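Participant: TSV, C-alpha atoms, saved as target.tsv, coming up:
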```tsv
chain	number	residue	atom	x	y	z
A	16	MET	CA	0.00	0.00	0.00
A	17	ASN	CA	1.53	3.33	-1.07
A	18	ASP	CA	-1.13	5.40	0.63
A	19	PRO	CA	0.41	8.33	2.57
A	20	TRP	CA	-1.80	7.50	5.55
A	21	SER	CA	-1.03	3.80	5.67
A	22	ASP	CA	1.80	4.19	8.22
A	23	ARG	CA	-0.36	6.18	10.64
A	24	LEU	CA	-3.35	3.89	10.87
A	25	SER	CA	-2.21	2.32	14.16
A	26	GLU	CA	-1.95	5.78	15.70
A	27	PHE	CA	-5.52	6.38	14.53
A	28	VAL	CA	-6.65	3.08	16.05
A	29	ASP	CA	-4.98	4.03	19.34
A	30	ASP	CA	-6.49	7.54	19.22
A	31	GLU	CA	-3.02	9.09	19.31
A	32	LEU	CA	-3.34	11.42	16.31
A	33	ASP	CA	-3.59	15.16	16.92
A	34	PRO	CA	-7.05	16.58	16.08
A	35	PRO	CA	-6.12	18.03	12.65
A	36	SER	CA	-4.45	14.77	11.55
A	37	ARG	CA	-7.36	12.75	12.86
A	38	ALA	CA	-9.85	14.90	10.96
A	39	ALA	CA	-7.80	14.60	7.79
A	40	LEU	CA	-7.55	10.84	8.14
A	41	LEU	CA	-11.27	10.53	8.78
A	42	ALA	CA	-11.90	12.42	5.55
A	43	HIS	CA	-9.48	10.11	3.77
A	44	LEU	CA	-11.16	7.02	5.14
A	45	ALA	CA	-14.45	8.13	3.66
A	46	ASP	CA	-12.94	7.69	0.20
A	47	CYS	CA	-10.42	4.87	0.73
A	48	ALA	CA	-11.85	1.38	1.13
A	49	GLU	CA	-8.38	-0.11	1.47
A	50	CYS	CA	-7.54	2.01	4.51
A	51	ARG	CA	-10.98	1.37	6.00
A	52	GLY	CA	-10.32	-2.35	5.72
A	53	ALA	CA	-6.88	-1.94	7.24
A	54	VAL	CA	-8.25	0.05	10.18
A	55	SER	CA	-10.87	-2.62	10.79
A	56	GLU	CA	-8.23	-5.37	10.85
A	57	LEU	CA	-5.83	-3.37	13.01
A	58	ARG	CA	-8.64	-2.85	15.50
A	59	GLU	CA	-9.38	-6.54	15.41
A	60	ILE	CA	-5.76	-7.37	16.22
A	61	ALA	CA	-5.59	-4.81	19.04
A	62	ALA	CA	-8.86	-6.17	20.45
A	63	TRP	CA	-7.53	-9.73	20.29
A	64	ALA	CA	-4.38	-8.68	22.14
A	65	GLY	CA	-6.33	-6.76	24.75
A	66	THR	CA	-8.48	-9.78	25.58
A	67	TRP	CA	-5.85	-12.42	24.94
A	68	ARG	CA	-6.28	-15.59	26.96
A	69	PRO	CA	-3.41	-18.06	26.64
A	70	ALA	CA	-3.96	-21.74	26.18
A	71	PRO	CA	-3.40	-23.89	29.30
A	72	SER	CA	0.23	-24.61	29.99
A	73	ALA	CA	1.68	-28.07	29.90
A	74	ARG	CA	4.65	-26.77	31.86
A	75	GLU	CA	5.02	-27.29	35.59
A	76	PRO	CA	8.33	-25.61	36.36
A	77	TRP	CA	7.70	-25.14	40.03
A	78	GLY	CA	5.76	-28.02	41.48
A	79	ALA	CA	6.45	-27.43	45.16
A	80	ILE	CA	5.71	-23.72	45.07
A	81	ALA	CA	3.70	-23.58	48.29
A	82	THR	CA	6.53	-25.21	50.22
A	83	ASP	CA	9.26	-23.19	48.54
A	84	LEU	CA	7.60	-19.86	49.30
A	85	ARG	CA	7.38	-20.23	53.06
A	86	GLY	CA	10.99	-19.15	53.56
A	87	ILE	CA	10.74	-16.08	51.33
A	88	PRO	CA	9.75	-12.87	53.19
A	89	GLN	CA	7.05	-10.61	51.77
A	90	GLN	CA	7.25	-6.84	51.47
A	91	ARG	CA	4.94	-4.78	53.63
A	92	ALA	CA	3.48	-1.42	52.68
A	93	VAL	CA	4.93	1.57	54.56
A	94	PRO	CA	2.25	3.69	56.32
A	95	TRP	CA	1.59	6.67	54.05
A	96	ARG	CA	2.47	9.40	56.57
A	97	ARG	CA	5.83	7.81	57.23
A	98	ALA	CA	6.38	7.20	53.51
A	99	LEU	CA	5.59	10.85	52.74
A	100	ALA	CA	8.07	12.12	55.31
A	101	ILE	CA	10.77	9.75	54.07
A	102	ALA	CA	10.08	10.65	50.44
A	103	ALA	CA	10.42	14.36	51.19
A	104	GLY	CA	13.75	13.78	52.89
A	105	ILE	CA	15.02	11.60	50.10
A	106	ALA	CA	13.93	14.09	47.44
A	107	ILE	CA	16.21	16.65	49.06
A	108	ILE	CA	19.07	14.16	49.06
A	109	VAL	CA	18.48	13.20	45.44
A	110	LEU	CA	18.12	16.77	44.23
A	111	GLY	CA	21.35	17.47	46.03
A	112	VAL	CA	23.18	14.88	44.00
A	113	TRP	CA	21.85	16.22	40.69
A	114	PRO	CA	23.67	19.54	40.52
A	115	ARG	CA	24.48	19.47	36.83
A	116	GLY	CA	20.97	19.89	35.46
A	117	PRO	CA	19.78	18.60	32.11
A	118	ALA	CA	22.85	19.48	30.08
A	119	GLU	CA	23.36	17.64	26.80
A	120	SER	CA	26.67	16.32	28.10
A	121	ASP	CA	25.10	14.80	31.22
A	122	PRO	CA	26.51	11.29	31.57
A	123	LEU	CA	23.19	9.83	32.69
A	124	VAL	CA	22.73	8.45	29.20
A	125	PRO	CA	25.47	7.49	26.75
A	126	PRO	CA	25.43	9.87	23.76
A	127	ALA	CA	24.60	7.09	21.32
A	128	SER	CA	21.53	6.09	23.30
A	129	ASN	CA	18.13	7.68	22.94
A	130	LEU	CA	16.81	5.64	25.85
A	131	VAL	CA	15.82	8.49	28.14
A	132	ARG	CA	16.92	12.08	27.71
A	133	PRO	CA	19.01	13.23	30.70
A	134	ALA	CA	16.39	15.67	31.94
A	135	ASN	CA	13.73	12.99	31.63
A	136	ALA	CA	15.84	10.41	33.46
A	137	ALA	CA	16.56	12.75	36.36
A	138	SER	CA	12.99	13.92	36.71
A	139	GLU	CA	11.54	10.47	36.16
A	140	LEU	CA	13.82	9.00	38.82
A	141	SER	CA	12.96	11.75	41.29
A	142	ALA	CA	9.27	11.21	40.67
A	143	ARG	CA	9.47	7.46	41.02
A	144	LEU	CA	11.85	7.20	43.98
A	145	SER	CA	9.12	7.94	46.47
A	146	ARG	CA	7.42	4.68	45.47
A	147	LEU	CA	10.33	2.60	46.72
A	148	PRO	CA	10.73	1.19	50.22
A	149	ALA	CA	12.59	3.58	52.51
A	150	ALA	CA	15.71	1.43	52.72
A	151	THR	CA	15.89	1.19	48.92
A	152	GLN	CA	15.47	4.94	48.56
A	153	MET	CA	18.35	5.50	50.94
A	154	GLY	CA	20.47	2.95	49.10
A	155	VAL	CA	19.84	4.52	45.70
A	156	ALA	CA	20.55	8.02	46.95
A	157	ALA	CA	23.75	6.89	48.66
A	158	ALA	CA	24.92	4.97	45.60
A	159	ILE	CA	24.33	7.92	43.26
A	160	ALA	CA	26.09	10.26	45.68
A	161	SER	CA	29.02	7.86	45.87
A	162	ILE	CA	29.33	7.59	42.08
A	163	ASP	CA	29.02	11.36	41.67
A	164	SER	CA	31.76	11.86	44.22
A	165	ALA	CA	34.00	9.47	42.31
A	166	LEU	CA	33.18	11.21	39.02
A	167	ALA	CA	34.01	14.61	40.48
A	168	ASP	CA	37.31	13.28	41.76
A	169	LEU	CA	38.12	11.73	38.39
A	170	ASP	CA	37.26	14.99	36.60
A	171	ARG	CA	39.68	16.86	38.88
A	172	ARG	CA	42.41	14.33	38.22
A	173	LEU	CA	41.79	14.43	34.47
A	174	GLU	CA	42.23	18.20	34.51
A	175	VAL	CA	45.73	17.55	35.84
A	176	SER	CA	46.40	14.53	33.58
A	177	PRO	CA	44.10	14.92	30.57
A	178	GLY	CA	45.92	12.27	28.56
A	179	SER	CA	45.52	9.46	31.09
A	180	THR	CA	43.66	6.62	29.41
A	181	LEU	CA	43.31	4.85	32.77
A	182	LEU	CA	41.49	7.82	34.31
A	183	GLN	CA	39.34	8.20	31.20
A	184	GLU	CA	38.40	4.54	31.35
A	185	LEU	CA	37.55	4.78	35.04
A	186	ARG	CA	35.38	7.83	34.36
A	187	ASP	CA	33.58	6.06	31.50
A	188	ARG	CA	32.90	3.05	33.70
A	189	SER	CA	31.61	5.23	36.52
A	190	ARG	CA	29.26	6.98	34.13
A	191	GLU	CA	28.02	3.65	32.85
A	192	GLN	CA	27.39	2.52	36.44
A	193	ARG	CA	25.44	5.67	37.17
A	194	ASP	CA	23.42	5.24	33.97
A	195	ALA	CA	22.66	1.61	34.83
A	196	LEU	CA	21.67	2.52	38.38
A	197	VAL	CA	19.23	5.18	37.19
A	198	ARG	CA	17.79	2.94	34.48
A	199	ASN	CA	17.39	-0.09	36.74
A	200	THR	CA	15.83	2.01	39.49
A	201	ILE	CA	13.26	3.36	37.01
A	202	LEU	CA	12.57	-0.16	35.75
A	203	TYR	CA	12.18	-1.40	39.32
A	204	THR	CA	9.72	1.34	40.23
A	205	LEU	CA	7.59	0.39	37.20
A	206	GLU	CA	6.82	-2.80	39.07
A	207	VAL	CA	5.11	-0.99	41.90
A	208	SER	CA	3.33	1.59	39.74
B	12	MET	CA	-14.77	-9.94	44.81
B	13	THR	CA	-12.97	-11.78	42.01
B	14	ASP	CA	-11.04	-14.98	42.56
B	15	ASP	CA	-7.83	-13.10	41.82
B	16	LEU	CA	-8.52	-10.32	44.30
B	17	ARG	CA	-9.53	-12.77	47.01
B	18	ASP	CA	-6.47	-14.96	46.48
B	19	ALA	CA	-4.14	-11.97	46.18
B	20	THR	CA	-5.44	-10.61	49.48
B	21	LEU	CA	-4.94	-13.97	51.16
B	22	ALA	CA	-1.52	-14.44	49.57
B	23	GLY	CA	-0.52	-10.97	50.77
B	24	ARG	CA	-1.16	-12.23	54.30
B	25	GLY	CA	1.17	-15.17	53.74
B	26	ASP	CA	-1.30	-17.78	52.49
B	27	ALA	CA	0.87	-19.91	50.20
B	28	GLU	CA	-2.06	-22.07	49.06
B	29	ALA	CA	-3.91	-18.98	47.80
B	30	PHE	CA	-0.75	-17.93	46.03
B	31	THR	CA	-0.49	-21.34	44.40
B	32	ARG	CA	-3.98	-20.82	42.96
B	33	LEU	CA	-2.87	-17.47	41.53
B	34	TYR	CA	0.21	-19.15	40.15
B	35	ARG	CA	-1.75	-21.87	38.38
B	36	ARG	CA	-4.25	-19.38	36.90
B	37	HIS	CA	-1.59	-17.02	35.58
B	38	LEU	CA	1.26	-19.37	34.70
B	39	PRO	CA	0.25	-19.68	30.99
B	40	ARG	CA	0.16	-15.90	30.66
B	41	VAL	CA	3.57	-15.38	32.24
B	42	GLU	CA	4.94	-18.27	30.21
B	43	ARG	CA	3.87	-16.73	26.89
B	44	LEU	CA	5.09	-13.26	27.87
B	45	ALA	CA	8.49	-14.66	28.80
B	46	ALA	CA	8.81	-16.65	25.57
B	47	TRP	CA	7.73	-13.71	23.44
B	48	LEU	CA	9.98	-11.17	25.13
B	49	LEU	CA	13.00	-13.42	25.50
B	50	GLY	CA	12.61	-14.96	22.05
B	51	HIS	CA	13.21	-18.52	23.20
B	52	ASP	CA	11.58	-21.27	25.25
B	53	ASP	CA	14.23	-21.74	27.96
B	54	ILE	CA	12.15	-19.82	30.48
B	55	ASP	CA	11.85	-21.93	33.63
B	56	ASP	CA	14.20	-19.70	35.62
B	57	VAL	CA	12.54	-16.45	34.65
B	58	ILE	CA	9.07	-17.84	35.39
B	59	GLN	CA	10.19	-18.80	38.86
B	60	GLU	CA	11.79	-15.39	39.30
B	61	VAL	CA	8.52	-13.70	38.29
B	62	PHE	CA	6.50	-15.66	40.83
B	63	VAL	CA	9.02	-15.23	43.64
B	64	ARG	CA	8.85	-11.49	43.01
B	65	THR	CA	5.07	-11.70	42.88
B	66	TRP	CA	5.02	-13.46	46.26
B	67	GLN	CA	7.27	-10.80	47.74
B	68	LYS	CA	5.12	-7.94	46.44
B	69	VAL	CA	1.59	-9.32	46.42
B	70	SER	CA	0.85	-7.63	49.76
B	71	LEU	CA	1.32	-4.30	47.93
B	72	PHE	CA	-1.45	-5.13	45.42
B	73	ARG	CA	-4.47	-3.02	46.35
B	74	GLY	CA	-6.90	-3.92	43.58
B	75	ASP	CA	-6.74	-0.48	41.93
B	76	SER	CA	-6.22	-2.31	38.63
B	77	SER	CA	-6.94	-5.93	37.77
B	78	PHE	CA	-4.51	-8.48	39.15
B	79	THR	CA	-3.68	-9.43	35.55
B	80	THR	CA	-2.63	-5.85	34.75
B	81	TRP	CA	-0.57	-5.67	37.94
B	82	LEU	CA	1.07	-9.01	37.20
B	83	HIS	CA	1.76	-7.97	33.59
B	84	ARG	CA	3.80	-5.00	34.74
B	85	LEU	CA	5.71	-6.92	37.36
B	86	SER	CA	6.39	-9.76	34.89
B	87	VAL	CA	7.61	-7.46	32.15
B	88	ASN	CA	10.11	-5.79	34.45
B	89	VAL	CA	11.47	-9.09	35.71
B	90	ILE	CA	11.68	-10.46	32.16
B	91	VAL	CA	13.39	-7.34	30.81
B	92	ARG	CA	16.00	-7.46	33.58
B	93	HIS	CA	16.49	-11.17	32.96
B	94	ARG	CA	17.01	-10.41	29.28
B	95	GLN	CA	19.61	-7.77	30.10
B	96	ARG	CA	21.53	-10.36	32.10
B	97	GLU	CA	21.23	-12.85	29.25
B	98	ARG	CA	22.61	-10.31	26.81
B	99	GLU	CA	25.51	-9.51	29.10
B	100	ARG	CA	26.34	-13.21	29.34
B	101	ALA	CA	25.96	-13.62	25.60
B	102	ALA	CA	27.98	-10.55	24.70
B	103	ASN	CA	31.19	-12.51	24.30
B	104	SER	CA	29.73	-15.65	22.85
B	105	THR	CA	27.91	-16.80	19.78
B	106	ALA	CA	24.81	-17.39	21.92
B	107	LEU	CA	23.66	-13.91	20.94
B	108	ASP	CA	22.62	-15.21	17.56
B	109	ALA	CA	20.32	-17.71	19.25
B	110	LEU	CA	18.67	-14.93	21.26
B	111	GLU	CA	17.86	-13.02	18.09
B	112	SER	CA	16.04	-15.93	16.46
B	113	PRO	CA	12.89	-17.14	18.21
B	114	ARG	CA	12.33	-20.88	18.16
B	115	ILE	CA	8.82	-22.00	17.50
B	116	ALA	CA	7.64	-25.44	18.50
B	117	THR	CA	7.01	-27.50	15.38
B	118	ASP	CA	3.55	-28.56	16.50
B	119	THR	CA	2.37	-25.02	17.16
B	120	ARG	CA	-0.61	-24.21	15.02
B	121	ILE	CA	-0.37	-21.02	13.05
B	122	ASP	CA	-2.82	-18.71	14.76
B	123	LEU	CA	-2.39	-15.20	16.05
B	124	GLU	CA	-0.63	-16.33	19.22
B	125	ALA	CA	1.89	-18.31	17.20
B	126	ALA	CA	2.12	-15.51	14.65
B	127	VAL	CA	3.24	-13.14	17.40
B	128	ALA	CA	6.22	-15.39	18.03
B	129	LEU	CA	7.13	-15.19	14.35
B	130	LEU	CA	7.29	-11.40	14.29
B	131	PRO	CA	10.69	-9.74	13.97
B	132	LYS	CA	12.23	-9.20	17.41
B	133	GLY	CA	11.69	-5.45	17.69
B	134	ALA	CA	8.13	-5.54	16.41
B	135	ARG	CA	7.29	-8.53	18.64
B	136	GLU	CA	8.60	-6.86	21.79
B	137	VAL	CA	6.71	-3.63	21.19
B	138	PHE	CA	3.49	-5.44	20.23
B	139	VAL	CA	3.56	-7.57	23.39
B	140	LEU	CA	4.36	-4.61	25.64
B	141	HIS	CA	1.80	-2.27	24.07
B	142	ASP	CA	-1.12	-4.42	23.04
B	143	ILE	CA	-0.80	-7.34	25.47
B	144	THR	CA	0.55	-5.83	28.68
B	145	GLY	CA	-0.74	-2.28	28.18
B	146	HIS	CA	2.45	-0.25	28.45
B	147	ASP	CA	2.47	3.11	26.67
B	148	HIS	CA	5.13	4.14	24.17
B	149	GLN	CA	7.10	6.19	26.68
B	150	GLU	CA	7.26	3.25	29.08
B	151	ILE	CA	8.26	0.91	26.24
B	152	ALA	CA	10.98	3.36	25.23
B	153	THR	CA	12.38	3.21	28.78
B	154	LEU	CA	12.13	-0.57	28.99
B	155	LEU	CA	13.69	-1.33	25.61
B	156	GLY	CA	16.08	1.59	25.23
B	157	ILE	CA	14.43	2.90	22.07
B	158	ALA	CA	12.76	6.17	21.10
B	159	PRO	CA	8.97	6.46	21.56
B	160	ALA	CA	8.67	7.16	17.82
B	161	THR	CA	10.49	3.89	17.11
B	162	SER	CA	8.05	2.11	19.40
B	163	ARG	CA	5.11	3.50	17.38
B	164	VAL	CA	6.67	2.41	14.11
B	165	GLN	CA	7.39	-1.09	15.42
B	166	LEU	CA	3.85	-1.45	16.75
B	167	HIS	CA	2.35	-0.58	13.39
B	168	ARG	CA	4.80	-2.94	11.68
B	169	ALA	CA	3.73	-5.76	14.02
B	170	ARG	CA	0.01	-5.20	13.61
B	171	THR	CA	0.36	-4.92	9.85
B	172	ALA	CA	2.26	-8.23	9.76
B	173	LEU	CA	-0.37	-9.90	11.94
B	174	ARG	CA	-3.17	-8.84	9.59
B	175	ALA	CA	-2.05	-11.63	7.29
B	176	HIS	CA	-3.06	-14.16	9.97
B	177	LEU	CA	-6.60	-12.93	10.52
```
Here is the file; what I need is its structure written in the form of structure tokens.
Facilitator:
Amino acid sequence: MNDPWSDRLSEFVDDELDPPSRAALLAHLADCAECRGAVSELREIAAWAGTWRPAPSAREPWGAIATDLRGIPQQRAVPWRRALAIAAGIAIIVLGVWPRGPAESDPLVPPASNLVRPANAASELSARLSRLPAATQMGVAAAIASIDSALADLDRRLEVSPGSTLLQELRDRSREQRDALVRNTILYTLEVS
Amino acid sequence: MTDDLRDATLAGRGDAEAFTRLYRRHLPRVERLAAWLLGHDDIDDVIQEVFVRTWQKVSLFRGDSSFTTWLHRLSVNVIVRHRQRERERAANSTALDALESPRIATDTRIDLEAAVALLPKGAREVFVLHDITGHDHQEIATLLGIAPATSRVQLHRARTALRAHL
């Protein structure tokens, strides 16, 4: 299909088109039977996925689950007043370890990656941290502060010895660790959202 | 009160038998998600990891969404982290090639569920995360390390490919 709208039909099905584009596509659909058919089938697929029920499994990978679980502790929800107070304190700590702001050169994300823009990663992490257990929040904040301290030290040393490949490698690794910590923390918080 | 909500509430209080009922009801779903997102059928470990994590967190489930939706999100995050570890292990070996090529059981009938497994890796991942587990494009971008626009393109590519199996 060489129709100019053919690549945007899923966005139409998901109601993600802006109003002018949606109006234009609706007008196009009135005249294009091929696109109308495609929209109908795309909706059918999305509906199938949304109500998908898998066939019964023949697999039994964990037969003694009830016995195995008894030794594994469960998480307990933190009372909301206590959680709020902790979150406020941690937000101050986290903001304190993000002094660089959303500069393009921020090492939160490797330049080649378009995973999460630095500003988005910092703000997303700050927003999501409050959903973590208090001990985890403290651990994340402490780990980021520790890596930032190491990065600052390496930057100072590199100003003195800019040609040191060892220092450059250590700095790159520290940045990767920081990036991984932020990314994994965001992924973890998605579980409790 | 649904069976899931009742059993999740009991499991959150430490009732392992109630949790086993949840496990049996949702095992096929977690199994398919793991196979689709990992691209292979060697999924026993990740399934166990998903349900251990579920046991640890089920007391935090409040019934604001369906248990299936809650479990989808937890499962996806465990599976994505598992996949990251697999890729790290495979980085220096030829096993990476195996990860990129999903294996389909020879006796699987060609229906939509099987067709999903046949999609190209990127399109399959986005389709499962968007249309099956209900993540939005920004969340998928974070999970997979791609741009939201890429996620939209891959979703349309997947749905278009699946039209042939309707």
Participant: Excluding segment 36-45 of chain A and any residue of its chain fewer than 6 positions from it, enumerate the residues within 10 Å of it, using all atoms listed in the file, and give them as a PDB file with C-alpha atoms, in the frame of the given file.
Facilitator:
```pdb
ATOM      1  CA  TRP A  20      -1.800   7.500   5.550  1.00  0.00           C
ATOM      2  CA  SER A  21      -1.030   3.800   5.670  1.00  0.00           C
ATOM      3  CA  ARG A  23      -0.360   6.180  10.640  1.00  0.00           C
ATOM      4  CA  LEU A  24      -3.350   3.890  10.870  1.00  0.00           C
ATOM      5  CA  GLU A  26      -1.950   5.780  15.700  1.00  0.00           C
ATOM      6  CA  PHE A  27      -5.520   6.380  14.530  1.00  0.00           C
ATOM      7  CA  ASP A  30      -6.490   7.540  19.220  1.00  0.00           C
ATOM      8  CA  ARG A  51     -10.980   1.370   6.000  1.00  0.00           C
ATOM      9  CA  GLY A  52     -10.320  -2.350   5.720  1.00  0.00           C
ATOM     10  CA  VAL A  54      -8.250   0.050  10.180  1.00  0.00           C
TER      11      VAL A  54
END
```
Participant: Contacts from chain B to chain A, 7 Å maximum, all atoms listed in the file: show me the residue list as an mmCIF file with C-alpha atoms, in the coordinates of the input.
Facilitator:
```cif
data_model
loop_
_atom_site.group_PDB
_atom_site.id
_atom_site.type_symbol
_atom_site.label_atom_id
_atom_site.label_comp_id
_atom_site.auth_asym_id
_atom_site.auth_seq_id
_atom_site.Cartn_x
_atom_site.Cartn_y
_atom_site.Cartn_z
ATOM 1 C CA ALA B 27 0.870 -19.910 50.200
ATOM 2 C CA GLU B 28 -2.060 -22.070 49.060
ATOM 3 C CA THR B 31 -0.490 -21.340 44.400
ATOM 4 C CA PRO B 39 0.250 -19.680 30.990
ATOM 5 C CA ARG B 40 0.160 -15.900 30.660
ATOM 6 C CA ASP B 55 11.850 -21.930 33.630
ATOM 7 C CA GLN B 59 10.190 -18.800 38.860
ATOM 8 C CA TRP B 66 5.020 -13.460 46.260
ATOM 9 C CA GLN B 67 7.270 -10.800 47.740
ATOM 10 C CA LYS B 68 5.120 -7.940 46.440
ATOM 11 C CA SER B 70 0.850 -7.630 49.760
ATOM 12 C CA LEU B 71 1.320 -4.300 47.930
ATOM 13 C CA ARG B 84 3.800 -5.000 34.740
ATOM 14 C CA LEU B 85 5.710 -6.920 37.360
ATOM 15 C CA ASN B 88 10.110 -5.790 34.450
ATOM 16 C CA ASP B 142 -1.120 -4.420 23.040
ATOM 17 C CA ILE B 143 -0.800 -7.340 25.470
ATOM 18 C CA ALA B 152 10.980 3.360 25.230
ATOM 19 C CA THR B 153 12.380 3.210 28.780
ATOM 20 C CA LEU B 154 12.130 -0.570 28.990
ATOM 21 C CA GLY B 156 16.080 1.590 25.230
ATOM 22 C CA ILE B 157 14.430 2.900 22.070
ATOM 23 C CA ALA B 158 12.760 6.170 21.100
ATOM 24 C CA HIS B 167 2.350 -0.580 13.390
ATOM 25 C CA ARG B 170 0.010 -5.200 13.610
ATOM 26 C CA ARG B 174 -3.170 -8.840 9.590
#
```
Participant: Got a sec: who's within 12 Å of Arg172 of chain A, counting all atoms listed in the file, leaving out chain neighbours fewer than 5 positions off, as a ChimeraX atom specification?
Facilitator: /A:165-167,177-183,185-186
Participant: Provide the atom CA of Leu48 of chain B to atom CA of Leu82 of chain B distance in Å, to one decimal place.
Facilitator: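 Straight-line distance from atom CA of Leu48 of chain B to atom CA of Leu82 of chain B works out to 15.2 Å.
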Participant: In Å, with one decimal, what is the gap from atom CA of Glu97 of chain B to atom CA of Pro148 of chain A?
Facilitator: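 A separation of 27.3 Å between them.
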Participant: Which residues, written as a PyMOL selection string, have at least one atom at most 8 Å from Ser86 of chain B, with all atoms listed in the file counted and residues fewer than 3 positions away on the same chain left out?
Facilitator: chain B and resi 41+44+61+82-83+89-90
Participant: Calculated over all atoms listed in the file, which of the candidates A:Val28, A:Cys50, A:Leu196, A:Pro34 has the smallest distance to Ala160 of chain A?
Facilitator: A:Leu196
Participant: To one decimal place in Å, what is the distance between atom CA of Glu42 of chain B and atom CA of Arg94 of chain B?
Facilitator: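 Atom CA of Glu42 of chain B sits 14.4 Å away from atom CA of Arg94 of chain B.
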Participant: Taking only C-alpha atoms into account, which of B:Ala101, B:Val69, B:Val127, B:Ala160 comes nearest Asp26 of chain B?
Facilitator: B:Val69
Participant: I'd like to know which of B:Pro159, B:His176, B:Ala46, B:Arg73 is closest to Leu123 of chain B, using only C-alpha atoms.
Facilitator: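 Closest residue, counting only C-alpha atoms: B:His176.
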